[in-house]
Amino acid sequence: MTPTPAEAQLSFRPMALEDLPLLQTWLARPHVARWWDDGAETVEAVEAAHGEHVGGDHHVTPWIAEADGTPFGFVQWYRVADEAEWFPGVEIPDGTMAIDLAIGEPDHLGIGLGKRMVLEFLHHVLRPAAPDSTEVWIDPNPTNERAVRTYESAGFHDTGIDLPDPDDPAAVRRLMRMTWAGPTFR
């Protein structure tokens, strides 16, 4: 019996240039485009915007999420201090990391993969990459109720801080944070 996406083994791999057309497809899907500013962009525009992040020479590190070896979404992480302009007026604790993510495949929505994706990415990718970090942030649009519920169920707490969205002046982002007692996985 073939496992359902909800039962799938999740894995993560660094995004490659060859993944950018898939990323563009996901960004253009209505359930993603509603929340990401580059949903209507061409493959070339996605390559221009995201290509520099691929290959490890940029402070934003994108990854592909796979279920039983099949790509279904993406996650990117970065040190908040390197993107401080996105968090105006907010004190940034040393070593704070942030993630952004989306599930691109519609048949992988609403089955609990978002929470697993967050928790497994933090455990298997982010914590080993940044073992001294004690805090991770995420900043969804507060009207994206599905995302907010997912992040809360994964352990993020709503700070009550609304941030401006530099890409969409009419929108806001809600700062959510997860903390842990100290460095682990050494």
# chains A, B, ... in the order shown; residues from 1 in each chain; ligands from 1

call {"tool": "residues_around", "arguments": {"residues": "Trp63 of chain A", "least_positions_apart": "6", "cutoff": "7 Å", "atoms": "only C-alpha atoms", "output": "list in words"}}
result
Phe12, Arg13, Pro14, Met15, Phe74, Val75 and Gln76 of chain A

call {"tool": "write_last_selection", "arguments": {"atoms": "N, CA and C atoms", "output": "PDB file, in the first residue's frame"}}
result
ATOM      1  N   PHE A  12      14.632  17.008   3.308  1.00  0.00           N
ATOM      2  CA  PHE A  12      14.940  18.356   2.839  1.00  0.00           C
ATOM      3  C   PHE A  12      16.273  18.318   2.119  1.00  0.00           C
ATOM      4  N   ARG A  13      16.363  19.096   1.050  1.00  0.00           N
ATOM      5  CA  ARG A  13      17.622  19.217   0.327  1.00  0.00           C
ATOM      6  C   ARG A  13      17.794  20.666  -0.106  1.00  0.00           C
ATOM      7  N   PRO A  14      19.045  21.111  -0.197  1.00  0.00           N
ATOM      8  CA  PRO A  14      19.254  22.487  -0.661  1.00  0.00           C
ATOM      9  C   PRO A  14      18.634  22.694  -2.042  1.00  0.00           C
ATOM     10  N   MET A  15      18.038  23.839  -2.238  1.00  0.00           N
ATOM     11  CA  MET A  15      17.462  24.165  -3.543  1.00  0.00           C
ATOM     12  C   MET A  15      18.593  24.323  -4.552  1.00  0.00           C
ATOM     13  N   PHE A  74       8.748  24.424  -0.239  1.00  0.00           N
ATOM     14  CA  PHE A  74      10.073  24.985  -0.007  1.00  0.00           C
ATOM     15  C   PHE A  74      10.104  25.722   1.327  1.00  0.00           C
ATOM     16  N   VAL A  75      11.311  25.821   1.867  1.00  0.00           N
ATOM     17  CA  VAL A  75      11.573  26.535   3.113  1.00  0.00           C
ATOM     18  C   VAL A  75      12.852  27.329   2.885  1.00  0.00           C
ATOM     19  N   GLN A  76      12.903  28.530   3.423  1.00  0.00           N
ATOM     20  CA  GLN A  76      14.172  29.263   3.421  1.00  0.00           C
ATOM     21  C   GLN A  76      14.429  29.754   4.833  1.00  0.00           C
TER      22      GLN A  76
END

call {"tool": "residues_around", "arguments": {"residues": "Pro93 of chain A", "least_positions_apart": "4", "cutoff": "9 Å", "atoms": "only C-alpha atoms", "output": "list in words"}}
result
Val80, Ala81, Thr134 and Glu135 of chain A

call {"tool": "closest_residue", "arguments": {"among": "A:Trp86, A:Leu22, A:Ile111, A:Gly73", "to": "Glu7 of chain A", "atoms": "only C-alpha atoms"}}
result
A:Ile111

call {"tool": "select_by_dssp", "arguments": {"residues": "segment 59-156 of chain A", "states": "alpha helix (DSSP H)", "output": "list in words"}}
result
Leu113, Gly114, Lys115, Arg116, Met117, Val118, Leu119, Glu120, Phe121, Arg127, Pro128, Ala129, Glu145, Arg146, Ala147, Val148, Arg149, Thr150, Tyr151, Glu152, Ser153 and Ala154 of chain A

call {"tool": "atom_distance", "arguments": {"atom1": "atom CA of Ala154 of chain A", "atom2": "atom CA of Arg116 of chain A"}}
result
7.9 Å

call {"tool": "residues_around", "arguments": {"residues": "Thr143 of chain A", "least_positions_apart": "4", "cutoff": "10 Å", "atoms": "only C-alpha atoms", "output": "ChimeraX atom specification"}}
result
/A:35,147-148,171-174

call {"tool": "atom_distance", "arguments": {"atom1": "atom CA of Arg127 of chain A", "atom2": "atom CA of Asp107 of chain A"}}
result
28.6 Å

call {"tool": "atom_distance", "arguments": {"atom1": "atom CA of Gly55 of chain A", "atom2": "atom CA of Pro30 of chain A"}}
result
28.0 Å

call {"tool": "select_by_dssp", "arguments": {"residues": "chain A", "states": "strand (DSSP E)", "output": "MDAnalysis selection string"}}
result
chainID A and resid 10:14 61:67 70:79 97:103 135:138 157:164 172:179

call {"tool": "residues_around", "arguments": {"residues": "Glu152 of chain A", "least_positions_apart": "2", "cutoff": "12 Å", "atoms": "only C-alpha atoms", "output": "VMD selection string"}}
result
chain A and resid 114 to 115 118 to 119 137 to 140 145 to 150 154 to 159 175 to 178

call {"tool": "closest_residue", "arguments": {"among": "A:Arg79, A:His124, A:Arg29, A:Ala102", "to": "Asn144 of chain A", "atoms": "only C-alpha atoms"}}
result
A:Ala102

call {"tool": "closest_residue", "arguments": {"among": "A:Leu113, A:Leu122, A:Val90, A:Ala129", "to": "Ile161 of chain A", "atoms": "only C-alpha atoms"}}
result
A:Val90

call {"tool": "closest_residue", "arguments": {"among": "A:Leu23, A:Ala84, A:Ala8, A:Ala16", "to": "Val54 of chain A", "atoms": "only C-alpha atoms"}}
result
A:Ala16

call {"tool": "closest_residue", "arguments": {"among": "A:Leu163, A:Gly112, A:Trp180, A:Glu18", "to": "Thr96 of chain A", "atoms": "only C-alpha atoms"}}
result
A:Trp180
